[in-house]
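With PDB, C-alpha atoms and all ligand atoms inside, this is data-v2.pdb:
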```
ATOM      1  CA  MET A   1      92.259  89.988  79.903  1.00  0.00           C
ATOM      2  CA  SER A   2      91.101  86.543  81.014  1.00  0.00           C
ATOM      3  CA  GLU A   3      88.154  86.049  83.350  1.00  0.00           C
ATOM      4  CA  THR A   4      90.558  85.395  86.186  1.00  0.00           C
ATOM      5  CA  SER A   5      92.462  88.653  85.585  1.00  0.00           C
ATOM      6  CA  PRO A   6      92.185  91.235  88.372  1.00  0.00           C
ATOM      7  CA  THR A   7      89.351  93.723  87.815  1.00  0.00           C
ATOM      8  CA  VAL A   8      90.303  97.044  86.214  1.00  0.00           C
ATOM      9  CA  THR A   9      88.899  99.974  88.201  1.00  0.00           C
ATOM     10  CA  ALA A  10      87.323 103.040  86.544  1.00  0.00           C
ATOM     11  CA  TRP A  11      90.520 104.995  87.236  1.00  0.00           C
ATOM     12  CA  GLU A  12      92.693 102.252  85.703  1.00  0.00           C
ATOM     13  CA  ALA A  13      90.422 102.158  82.631  1.00  0.00           C
ATOM     14  CA  ALA A  14      90.853 105.952  82.130  1.00  0.00           C
ATOM     15  CA  TYR A  15      94.625 105.637  82.632  1.00  0.00           C
ATOM     16  CA  LEU A  16      94.740 102.909  79.970  1.00  0.00           C
ATOM     17  CA  ARG A  17      92.732 105.149  77.579  1.00  0.00           C
ATOM     18  CA  PHE A  18      94.888 108.235  78.195  1.00  0.00           C
ATOM     19  CA  GLU A  19      97.859 107.136  76.109  1.00  0.00           C
ATOM     20  CA  THR A  20      98.844 104.169  73.988  1.00  0.00           C
ATOM     21  CA  CYS A  21     101.815 102.147  75.186  1.00  0.00           C
ATOM     22  CA  GLU A  22     103.882 103.620  72.331  1.00  0.00           C
ATOM     23  CA  GLU A  23     103.022 107.214  73.288  1.00  0.00           C
ATOM     24  CA  GLU A  24     103.789 106.492  76.911  1.00  0.00           C
ATOM     25  CA  LEU A  25     107.110 104.863  76.041  1.00  0.00           C
ATOM     26  CA  ARG A  26     108.155 107.902  73.967  1.00  0.00           C
ATOM     27  CA  LYS A  27     107.195 110.209  76.862  1.00  0.00           C
ATOM     28  CA  PHE A  28     109.235 108.208  79.367  1.00  0.00           C
ATOM     29  CA  LEU A  29     112.261 108.143  77.042  1.00  0.00           C
ATOM     30  CA  ARG A  30     112.086 111.942  76.633  1.00  0.00           C
ATOM     31  CA  ARG A  31     111.926 112.450  80.398  1.00  0.00           C
ATOM     32  CA  LEU A  32     114.772 110.051  81.180  1.00  0.00           C
ATOM     33  CA  ARG A  33     117.029 111.709  78.606  1.00  0.00           C
ATOM     34  CA  LYS A  34     116.130 115.189  79.849  1.00  0.00           C
ATOM     35  CA  LEU A  35     116.915 114.214  83.451  1.00  0.00           C
ATOM     36  CA  GLY A  36     120.353 112.848  82.562  1.00  0.00           C
ATOM     37  CA  ALA A  37     119.735 109.080  82.426  1.00  0.00           C
ATOM     38  CA  LEU A  38     122.151 108.698  79.522  1.00  0.00           C
ATOM     39  CA  THR A  39     124.983 109.563  81.939  1.00  0.00           C
ATOM     40  CA  TRP A  40     123.913 106.982  84.563  1.00  0.00           C
ATOM     41  CA  PRO A  41     125.777 103.619  84.727  1.00  0.00           C
ATOM     42  CA  ARG A  42     123.771 101.060  82.744  1.00  0.00           C
ATOM     43  CA  ASP A  43     124.407  98.326  85.326  1.00  0.00           C
ATOM     44  CA  ALA A  44     122.871 100.469  88.103  1.00  0.00           C
ATOM     45  CA  GLN A  45     120.111  98.751  90.087  1.00  0.00           C
ATOM     46  CA  VAL A  46     117.046 100.801  89.231  1.00  0.00           C
ATOM     47  CA  VAL A  47     113.611 100.591  90.843  1.00  0.00           C
ATOM     48  CA  GLU A  48     110.583 102.372  89.434  1.00  0.00           C
ATOM     49  CA  ILE A  49     107.985 102.747  92.182  1.00  0.00           C
ATOM     50  CA  PHE A  50     104.270 103.373  91.397  1.00  0.00           C
ATOM     51  CA  CYS A  51     105.187 101.950  87.991  1.00  0.00           C
ATOM     52  CA  GLY A  52     101.658 101.200  86.720  1.00  0.00           C
ATOM     53  CA  ARG A  53     101.609  98.961  83.650  1.00  0.00           C
ATOM     54  CA  GLY A  54     105.391  99.103  83.407  1.00  0.00           C
ATOM     55  CA  ASN A  55     106.129 101.232  80.364  1.00  0.00           C
ATOM     56  CA  GLY A  56     108.730 103.145  82.395  1.00  0.00           C
ATOM     57  CA  LEU A  57     110.503  99.815  82.858  1.00  0.00           C
ATOM     58  CA  HIS A  58     110.445  99.257  79.091  1.00  0.00           C
ATOM     59  CA  ALA A  59     111.935 102.748  78.606  1.00  0.00           C
ATOM     60  CA  LEU A  60     114.784 101.941  80.997  1.00  0.00           C
ATOM     61  CA  HIS A  61     115.534  98.727  79.101  1.00  0.00           C
ATOM     62  CA  HIS A  62     115.405 100.637  75.851  1.00  0.00           C
ATOM     63  CA  LEU A  63     118.174 102.913  77.176  1.00  0.00           C
ATOM     64  CA  GLY A  64     120.304  99.887  78.108  1.00  0.00           C
ATOM     65  CA  PHE A  65     119.595  99.498  81.834  1.00  0.00           C
ATOM     66  CA  THR A  66     119.789  95.789  82.652  1.00  0.00           C
ATOM     67  CA  ARG A  67     118.931  95.583  86.372  1.00  0.00           C
ATOM     68  CA  VAL A  68     115.452  97.053  86.561  1.00  0.00           C
ATOM     69  CA  GLU A  69     112.589  96.393  88.988  1.00  0.00           C
ATOM     70  CA  GLY A  70     109.081  97.801  89.315  1.00  0.00           C
ATOM     71  CA  VAL A  71     106.732  98.183  92.275  1.00  0.00           C
ATOM     72  CA  ASP A  72     103.009  98.955  92.124  1.00  0.00           C
ATOM     73  CA  CYS A  73     100.035  98.051  94.307  1.00  0.00           C
ATOM     74  CA  SER A  74      97.699  97.293  91.372  1.00  0.00           C
ATOM     75  CA  ALA A  75      97.672  93.620  90.458  1.00  0.00           C
ATOM     76  CA  ALA A  76      95.552  94.499  87.390  1.00  0.00           C
ATOM     77  CA  LEU A  77      98.214  96.860  86.025  1.00  0.00           C
ATOM     78  CA  VAL A  78     101.102  94.576  86.954  1.00  0.00           C
ATOM     79  CA  ALA A  79      99.373  91.783  85.002  1.00  0.00           C
ATOM     80  CA  ARG A  80      99.727  93.919  81.866  1.00  0.00           C
ATOM     81  CA  TYR A  81     103.506  94.007  82.000  1.00  0.00           C
ATOM     82  CA  SER A  82     105.524  91.501  80.073  1.00  0.00           C
ATOM     83  CA  GLY A  83     109.206  92.242  79.956  1.00  0.00           C
ATOM     84  CA  PRO A  84     112.505  91.418  81.566  1.00  0.00           C
ATOM     85  CA  ALA A  85     112.133  93.552  84.731  1.00  0.00           C
ATOM     86  CA  LYS A  86     111.201  92.025  88.082  1.00  0.00           C
ATOM     87  CA  PHE A  87     107.794  93.283  89.121  1.00  0.00           C
ATOM     88  CA  VAL A  88     106.550  93.336  92.709  1.00  0.00           C
ATOM     89  CA  VAL A  89     102.992  94.067  93.882  1.00  0.00           C
ATOM     90  CA  ALA A  90     103.490  96.113  97.057  1.00  0.00           C
ATOM     91  CA  ASP A  91     102.669  99.363  98.800  1.00  0.00           C
ATOM     92  CA  CYS A  92     105.411 101.901  98.056  1.00  0.00           C
ATOM     93  CA  ARG A  93     105.094 103.292 101.587  1.00  0.00           C
ATOM     94  CA  GLN A  94     106.910 100.142 102.659  1.00  0.00           C
ATOM     95  CA  LEU A  95     109.396  99.058 100.036  1.00  0.00           C
ATOM     96  CA  PRO A  96     110.252  95.348  99.874  1.00  0.00           C
ATOM     97  CA  PHE A  97     114.014  95.906  99.574  1.00  0.00           C
ATOM     98  CA  PRO A  98     116.931  95.807 102.046  1.00  0.00           C
ATOM     99  CA  ASP A  99     118.731  98.961 103.228  1.00  0.00           C
ATOM    100  CA  ALA A 100     121.273 100.541 100.837  1.00  0.00           C
ATOM    101  CA  SER A 101     120.604  97.955  98.126  1.00  0.00           C
ATOM    102  CA  ARG A 102     119.606 100.035  95.080  1.00  0.00           C
ATOM    103  CA  ASP A 103     121.265 102.825  93.021  1.00  0.00           C
ATOM    104  CA  ILE A 104     118.342 104.697  91.490  1.00  0.00           C
ATOM    105  CA  VAL A 105     114.664 105.010  92.446  1.00  0.00           C
ATOM    106  CA  ILE A 106     112.185 106.594  90.040  1.00  0.00           C
ATOM    107  CA  VAL A 107     108.627 107.743  90.564  1.00  0.00           C
ATOM    108  CA  GLN A 108     106.470 109.162  87.795  1.00  0.00           C
ATOM    109  CA  GLY A 109     102.943 110.231  88.628  1.00  0.00           C
ATOM    110  CA  GLY A 110     102.665 108.214  91.833  1.00  0.00           C
ATOM    111  CA  LEU A 111     103.181 110.578  94.768  1.00  0.00           C
ATOM    112  CA  HIS A 112     100.066 112.594  93.970  1.00  0.00           C
ATOM    113  CA  HIS A 113      98.023 109.434  94.751  1.00  0.00           C
ATOM    114  CA  LEU A 114      99.094 109.359  98.392  1.00  0.00           C
ATOM    115  CA  PRO A 115      96.024 109.705 100.635  1.00  0.00           C
ATOM    116  CA  GLU A 116      97.643 111.435 103.646  1.00  0.00           C
ATOM    117  CA  LEU A 117     100.072 113.657 101.814  1.00  0.00           C
ATOM    118  CA  ARG A 118     102.410 114.798 104.591  1.00  0.00           C
ATOM    119  CA  ALA A 119     102.537 111.461 106.478  1.00  0.00           C
ATOM    120  CA  ASP A 120     102.630 109.265 103.362  1.00  0.00           C
ATOM    121  CA  LEU A 121     105.188 111.416 101.548  1.00  0.00           C
ATOM    122  CA  GLU A 122     107.331 111.157 104.648  1.00  0.00           C
ATOM    123  CA  LYS A 123     107.024 107.354 104.524  1.00  0.00           C
ATOM    124  CA  VAL A 124     107.833 107.070 100.804  1.00  0.00           C
ATOM    125  CA  VAL A 125     110.766 109.507 100.858  1.00  0.00           C
ATOM    126  CA  SER A 126     112.204 107.843 103.979  1.00  0.00           C
ATOM    127  CA  GLU A 127     111.827 104.440 102.344  1.00  0.00           C
ATOM    128  CA  VAL A 128     113.525 105.638  99.161  1.00  0.00           C
ATOM    129  CA  ARG A 129     116.386 107.064 101.206  1.00  0.00           C
ATOM    130  CA  ARG A 130     116.644 103.796 103.168  1.00  0.00           C
ATOM    131  CA  VAL A 131     116.906 101.538 100.101  1.00  0.00           C
ATOM    132  CA  LEU A 132     119.305 103.795  98.171  1.00  0.00           C
ATOM    133  CA  ARG A 133     123.046 103.394  98.398  1.00  0.00           C
ATOM    134  CA  PRO A 134     125.013 106.521  99.393  1.00  0.00           C
ATOM    135  CA  SER A 135     124.917 109.036  96.488  1.00  0.00           C
ATOM    136  CA  GLY A 136     122.046 107.062  94.931  1.00  0.00           C
ATOM    137  CA  ARG A 137     119.604 109.008  92.801  1.00  0.00           C
ATOM    138  CA  PHE A 138     115.908 109.708  93.303  1.00  0.00           C
ATOM    139  CA  MET A 139     114.047 110.866  90.178  1.00  0.00           C
ATOM    140  CA  VAL A 140     110.580 112.387  90.569  1.00  0.00           C
ATOM    141  CA  VAL A 141     108.154 113.446  87.835  1.00  0.00           C
ATOM    142  CA  GLU A 142     104.774 114.633  89.133  1.00  0.00           C
ATOM    143  CA  PRO A 143     101.990 117.051  88.172  1.00  0.00           C
ATOM    144  CA  TRP A 144     102.681 120.656  89.159  1.00  0.00           C
ATOM    145  CA  ARG A 145     100.382 123.645  89.202  1.00  0.00           C
ATOM    146  CA  THR A 146     101.718 125.750  86.336  1.00  0.00           C
ATOM    147  CA  PRO A 147      99.755 128.050  84.005  1.00  0.00           C
ATOM    148  CA  PHE A 148      99.715 125.259  81.413  1.00  0.00           C
ATOM    149  CA  LEU A 149      98.085 122.796  83.841  1.00  0.00           C
ATOM    150  CA  ARG A 150      95.437 125.366  84.830  1.00  0.00           C
ATOM    151  CA  PHE A 151      94.729 125.972  81.140  1.00  0.00           C
ATOM    152  CA  VAL A 152      94.359 122.236  80.395  1.00  0.00           C
ATOM    153  CA  HIS A 153      91.890 121.784  83.264  1.00  0.00           C
ATOM    154  CA  TRP A 154      90.013 124.926  82.208  1.00  0.00           C
ATOM    155  CA  VAL A 155      89.594 123.504  78.685  1.00  0.00           C
ATOM    156  CA  GLY A 156      88.639 120.169  80.282  1.00  0.00           C
ATOM    157  CA  SER A 157      85.801 121.861  82.149  1.00  0.00           C
ATOM    158  CA  PHE A 158      83.896 122.129  78.825  1.00  0.00           C
ATOM    159  CA  ARG A 159      81.943 118.985  77.929  1.00  0.00           C
ATOM    160  CA  LEU A 160      82.282 119.656  74.215  1.00  0.00           C
ATOM    161  CA  ALA A 161      86.085 119.787  74.473  1.00  0.00           C
ATOM    162  CA  ARG A 162      86.082 116.448  76.299  1.00  0.00           C
ATOM    163  CA  ARG A 163      83.789 114.919  73.693  1.00  0.00           C
ATOM    164  CA  MET A 164      86.051 116.097  70.870  1.00  0.00           C
ATOM    165  CA  TRP A 165      89.348 115.084  72.459  1.00  0.00           C
ATOM    166  CA  ALA A 166      89.429 111.574  73.948  1.00  0.00           C
ATOM    167  CA  LYS A 167      92.810 112.109  75.614  1.00  0.00           C
ATOM    168  CA  LEU A 168      91.515 115.191  77.446  1.00  0.00           C
ATOM    169  CA  ASP A 169      88.437 113.233  78.552  1.00  0.00           C
ATOM    170  CA  ALA A 170      90.626 110.414  79.924  1.00  0.00           C
ATOM    171  CA  LEU A 171      92.791 112.957  81.790  1.00  0.00           C
ATOM    172  CA  GLU A 172      89.778 114.720  83.283  1.00  0.00           C
ATOM    173  CA  THR A 173      88.208 111.373  84.261  1.00  0.00           C
ATOM    174  CA  MET A 174      91.409 110.377  86.067  1.00  0.00           C
ATOM    175  CA  THR A 175      91.675 113.706  87.874  1.00  0.00           C
ATOM    176  CA  GLU A 176      87.987 113.607  88.892  1.00  0.00           C
ATOM    177  CA  LEU A 177      88.434 110.118  90.335  1.00  0.00           C
ATOM    178  CA  GLU A 178      91.639 111.026  92.183  1.00  0.00           C
ATOM    179  CA  TRP A 179      90.524 114.582  92.981  1.00  0.00           C
ATOM    180  CA  VAL A 180      91.130 114.561  96.735  1.00  0.00           C
ATOM    181  CA  THR A 181      94.754 113.401  96.538  1.00  0.00           C
ATOM    182  CA  TYR A 182      95.501 115.301  93.295  1.00  0.00           C
ATOM    183  CA  ASP A 183      94.205 118.580  94.701  1.00  0.00           C
ATOM    184  CA  GLN A 184      96.031 118.262  98.037  1.00  0.00           C
ATOM    185  CA  TRP A 185      99.242 117.476  96.118  1.00  0.00           C
ATOM    186  CA  LEU A 186      98.926 120.520  93.833  1.00  0.00           C
ATOM    187  CA  ARG A 187      98.215 122.812  96.788  1.00  0.00           C
ATOM    188  CA  GLN A 188     101.435 122.005  98.670  1.00  0.00           C
ATOM    189  CA  PRO A 189     104.376 122.528  96.301  1.00  0.00           C
ATOM    190  CA  GLU A 190     106.615 124.144  98.940  1.00  0.00           C
ATOM    191  CA  ALA A 191     106.067 121.310 101.443  1.00  0.00           C
ATOM    192  CA  VAL A 192     106.739 118.693  98.766  1.00  0.00           C
ATOM    193  CA  LEU A 193     109.981 120.324  97.618  1.00  0.00           C
ATOM    194  CA  ARG A 194     111.090 120.892 101.200  1.00  0.00           C
ATOM    195  CA  ARG A 195     110.642 117.172 101.927  1.00  0.00           C
ATOM    196  CA  LEU A 196     112.451 116.046  98.773  1.00  0.00           C
ATOM    197  CA  GLU A 197     115.307 118.521  99.193  1.00  0.00           C
ATOM    198  CA  GLY A 198     115.606 117.701 102.904  1.00  0.00           C
ATOM    199  CA  ASP A 199     117.151 114.286 102.254  1.00  0.00           C
ATOM    200  CA  PHE A 200     118.514 114.695  98.723  1.00  0.00           C
ATOM    201  CA  ALA A 201     120.832 117.213  97.072  1.00  0.00           C
ATOM    202  CA  THR A 202     119.126 118.535  93.960  1.00  0.00           C
ATOM    203  CA  GLU A 203     120.942 117.528  90.774  1.00  0.00           C
ATOM    204  CA  ARG A 204     118.325 118.637  88.247  1.00  0.00           C
ATOM    205  CA  LYS A 205     115.061 120.491  88.608  1.00  0.00           C
ATOM    206  CA  CYS A 206     112.736 121.570  85.790  1.00  0.00           C
ATOM    207  CA  ILE A 207     109.258 122.979  86.364  1.00  0.00           C
ATOM    208  CA  GLY A 208     107.029 123.607  83.371  1.00  0.00           C
ATOM    209  CA  TRP A 209     104.207 122.293  81.193  1.00  0.00           C
ATOM    210  CA  GLY A 210     102.330 121.085  84.267  1.00  0.00           C
ATOM    211  CA  LYS A 211     105.161 118.981  85.649  1.00  0.00           C
ATOM    212  CA  LEU A 212     107.880 118.914  88.286  1.00  0.00           C
ATOM    213  CA  MET A 213     110.886 116.978  86.933  1.00  0.00           C
ATOM    214  CA  TRP A 214     113.543 116.539  89.579  1.00  0.00           C
ATOM    215  CA  VAL A 215     116.579 114.388  90.384  1.00  0.00           C
ATOM    216  CA  GLY A 216     118.252 114.377  93.802  1.00  0.00           C
ATOM    217  CA  ARG A 217     121.314 112.567  95.150  1.00  0.00           C
ATOM    218  CA  ARG A 218     121.089 110.820  98.491  1.00  0.00           C
ATOM    219  CA  GLU A 219     123.053 112.757 101.075  1.00  0.00           C
ATOM    220  CA  SER A 220     125.264 110.848 103.521  1.00  0.00           C
ATOM    221  CA  ASP A 221     123.946 109.956 107.000  1.00  0.00           C
TER     222      ASP A 221
HETATM  223  C1  LIG A 301      99.214 107.674  87.635  1.00  0.00           C
HETATM  224  S1  LIG A 301      99.707 105.973  87.847  1.00  0.00           S
HETATM  225  C2  LIG A 301     101.347 106.151  87.320  1.00  0.00           C
HETATM  226  C3  LIG A 301     101.837 104.933  86.648  1.00  0.00           C
HETATM  227  C4  LIG A 301     103.136 105.122  85.883  1.00  0.00           C
HETATM  228  N1  LIG A 301     104.214 105.540  86.746  1.00  0.00           N
HETATM  229  C5  LIG A 301     102.906 106.153  84.804  1.00  0.00           C
HETATM  230  O1  LIG A 301     103.506 107.225  84.860  1.00  0.00           O
HETATM  231  O2  LIG A 301     102.154 105.857  83.875  1.00  0.00           O
HETATM  232  C6  LIG A 301      99.844 105.805  89.588  1.00  0.00           C
HETATM  233  C7  LIG A 301     100.136 104.383  90.006  1.00  0.00           C
HETATM  234  O3  LIG A 301     100.383 104.370  91.411  1.00  0.00           O
HETATM  235  C8  LIG A 301      99.869 103.147  91.908  1.00  0.00           C
HETATM  236  N2  LIG A 301      99.744 103.359  93.374  1.00  0.00           N
HETATM  237  C9  LIG A 301      98.948 104.208  94.030  1.00  0.00           C
HETATM  238  N3  LIG A 301      99.189 104.167  95.356  1.00  0.00           N
HETATM  239  C10 LIG A 301     100.176 103.245  95.548  1.00  0.00           C
HETATM  240  C11 LIG A 301     100.886 102.768  96.686  1.00  0.00           C
HETATM  241  N4  LIG A 301     100.624 103.214  97.922  1.00  0.00           N
HETATM  242  N5  LIG A 301     101.847 101.844  96.483  1.00  0.00           N
HETATM  243  C12 LIG A 301     102.112 101.365  95.257  1.00  0.00           C
HETATM  244  N6  LIG A 301     101.493 101.787  94.126  1.00  0.00           N
HETATM  245  C13 LIG A 301     100.538 102.726  94.277  1.00  0.00           C
HETATM  246  C14 LIG A 301      98.597 102.916  91.135  1.00  0.00           C
HETATM  247  O4  LIG A 301      98.236 101.550  91.117  1.00  0.00           O
HETATM  248  C15 LIG A 301      99.018 103.408  89.759  1.00  0.00           C
HETATM  249  O5  LIG A 301      99.532 102.380  88.956  1.00  0.00           O
END
```

Could I get this structure in the form of structure tokens?
Ligand SMILES: C[S@@+](CC[C@H](N)C(=O)[O-])C[C@H]1O[C@@H](n2cnc3c(N)ncnc32)[C@H](O)[C@@H]1O
Amino acid sequence: MSETSPTVTAWEAAYLRFETCEEELRKFLRRLRKLGALTWPRDAQVVEIFCGRGNGLHALHHLGFTRVEGVDCSAALVARYSGPAKFVVADCRQLPFPDASRDIVIVQGGLHHLPELRADLEKVVSEVRRVLRPSGRFMVVEPWRTPFLRFVHWVGSFRLARRMWAKLDALETMTELEWVTYDQWLRQPEAVLRRLEGDFATERKCIGWGKLMWVGRRESD
């Protein structure tokens, strides 16, 4: 990065160490296929919120989506994206889009960063509902407290394991730095699902391997 590039925080540095862009792209492609993206119209207007360095946007292009936008509040991560999608630096609790103007909104690993979980989740979900057209889709992939996730963090509690496995060390560094929001997110699975399923009809839901993977359709007013 140039000297004028925005500063990368410790959390952003760990996130960048966690996976290479290629690994991340493969992960996003797997998720999108699993959640039915191959059946979605390729000219749909898709927004990925909390999109980080934008590899989710690359995955959408890879699958043939042509009208893709990303939103993230980190100017440092946004600066790393170079691709055809429009990228906006903004707070996802207040989306910079008109009502009923988009077909699909995606969030992957963003909601567990919200500081005031109940109030902020309410804001984000209401905003997603507002910007989606009727029957629009909301796709959510977030960490979920499953036996696998507990096991990973148990292994990560050993210094030797972290020293031997750089990816585990990056994951544990990220979770230490985001502990307050990560922990409050993992402790409230019922409240989270209730909020998502309050405004959206569940189309797909898979829970396993430390993740919630969910797609809902916007219900009519
Ligand atoms: C774990 S990263 C996920 C990035 C990407 N979706 C991924 O899966 O790799 C969380 C992202 O949320 C962004 N973020 C956190 N709070 C935000 C907010 N209120 N509005 C917009 N972006 C936010 C951070 O800058 C970060 O890029």

### Query
Can you tell me which residues sit at most 10 Å away from ligand LIG 301 (chain A), counting all atoms listed in the file, written as a count of residues only?
57

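Minimum atom-to-atom distances from A:Asp221, A:Glu122, A:Asp199, A:Glu69 to Phe138 (chain A) were compared using all atoms listed in the file, and the lowest value belongs to A:Asp199.
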
### Message
Could you tell me, as a ChimeraX atom specification, exactly which residues end up selected when the PyMOL selection byres (((chain A and resi 157) around 12) and not hetatm) is applied to this structure?
### Response
/A:150-156,158-163,168-169,171-173,175-176

### Message
Taking the file as I've supplied it (selection: the PyMOL selection byres (((chain A and resi 62) around 12) and not hetatm)), which residues are included? Please answer as a list in words.
### Response
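So the PyMOL selection byres (((chain A and resi 62) around 12) and not hetatm) ends up selecting Leu25, Arg26, Phe28, Leu29, Arg30, Leu32, Arg33, Ala37, Leu38, Arg42, Asn55, Gly56, Leu57, His58, Ala59, Leu60, His61, Leu63, Gly64, Phe65, Thr66, Val68, Gly83, Pro84 and Ala85 of chain A.
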
### Query
To one decimal place, how far is CA of Ala201 (chain A) from CA of Val215 (chain A) in Å?
8.4 Å

### Message
As an exercise, work out the distance from CA of Leu186 (chain A) to CA of Arg145 (chain A) in Å and give it to one decimal place.
### Response
5.8 Å

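Taking CA of Trp185 (chain A) and CA of Ala166 (chain A) as endpoints, the distance between them is 25.0 Å.
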
### Task
Could you list the residues chosen by the PyMOL selection byres (((chain A and resi 105) around 9) and not hetatm) in this structure as a list in words?
Gln45, Val46, Val47, Glu48, Ile49, Arg102, Asp103, Ile104, Ile106, Val107, Val128, Val131, Leu132, Gly136, Arg137, Phe138, Met139 and Val140 of chain A

Save out the residues we just selected, C-alpha atoms, as a PDB file, in the coordinates of the input.
```
ATOM      1  CA  GLN A  45     120.111  98.751  90.087  1.00  0.00           C
ATOM      2  CA  VAL A  46     117.046 100.801  89.231  1.00  0.00           C
ATOM      3  CA  VAL A  47     113.611 100.591  90.843  1.00  0.00           C
ATOM      4  CA  GLU A  48     110.583 102.372  89.434  1.00  0.00           C
ATOM      5  CA  ILE A  49     107.985 102.747  92.182  1.00  0.00           C
ATOM      6  CA  ARG A 102     119.606 100.035  95.080  1.00  0.00           C
ATOM      7  CA  ASP A 103     121.265 102.825  93.021  1.00  0.00           C
ATOM      8  CA  ILE A 104     118.342 104.697  91.490  1.00  0.00           C
ATOM      9  CA  ILE A 106     112.185 106.594  90.040  1.00  0.00           C
ATOM     10  CA  VAL A 107     108.627 107.743  90.564  1.00  0.00           C
ATOM     11  CA  VAL A 128     113.525 105.638  99.161  1.00  0.00           C
ATOM     12  CA  VAL A 131     116.906 101.538 100.101  1.00  0.00           C
ATOM     13  CA  LEU A 132     119.305 103.795  98.171  1.00  0.00           C
ATOM     14  CA  GLY A 136     122.046 107.062  94.931  1.00  0.00           C
ATOM     15  CA  ARG A 137     119.604 109.008  92.801  1.00  0.00           C
ATOM     16  CA  PHE A 138     115.908 109.708  93.303  1.00  0.00           C
ATOM     17  CA  MET A 139     114.047 110.866  90.178  1.00  0.00           C
ATOM     18  CA  VAL A 140     110.580 112.387  90.569  1.00  0.00           C
TER      19      VAL A 140
END
```

### Task
Counting all atoms listed in the file, figure out which residue out of A:Phe148, A:Trp209, A:Trp214, A:Trp179 gets nearest to Glu197 (chain A).
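With all atoms listed in the file as the atom set, the closest residue is A:Trp214.
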
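Nearest to Phe200 (chain A) of all the residues A:Ala119, A:Val125, A:Ala13, A:Leu177 is A:Val125, counting all atoms listed in the file.
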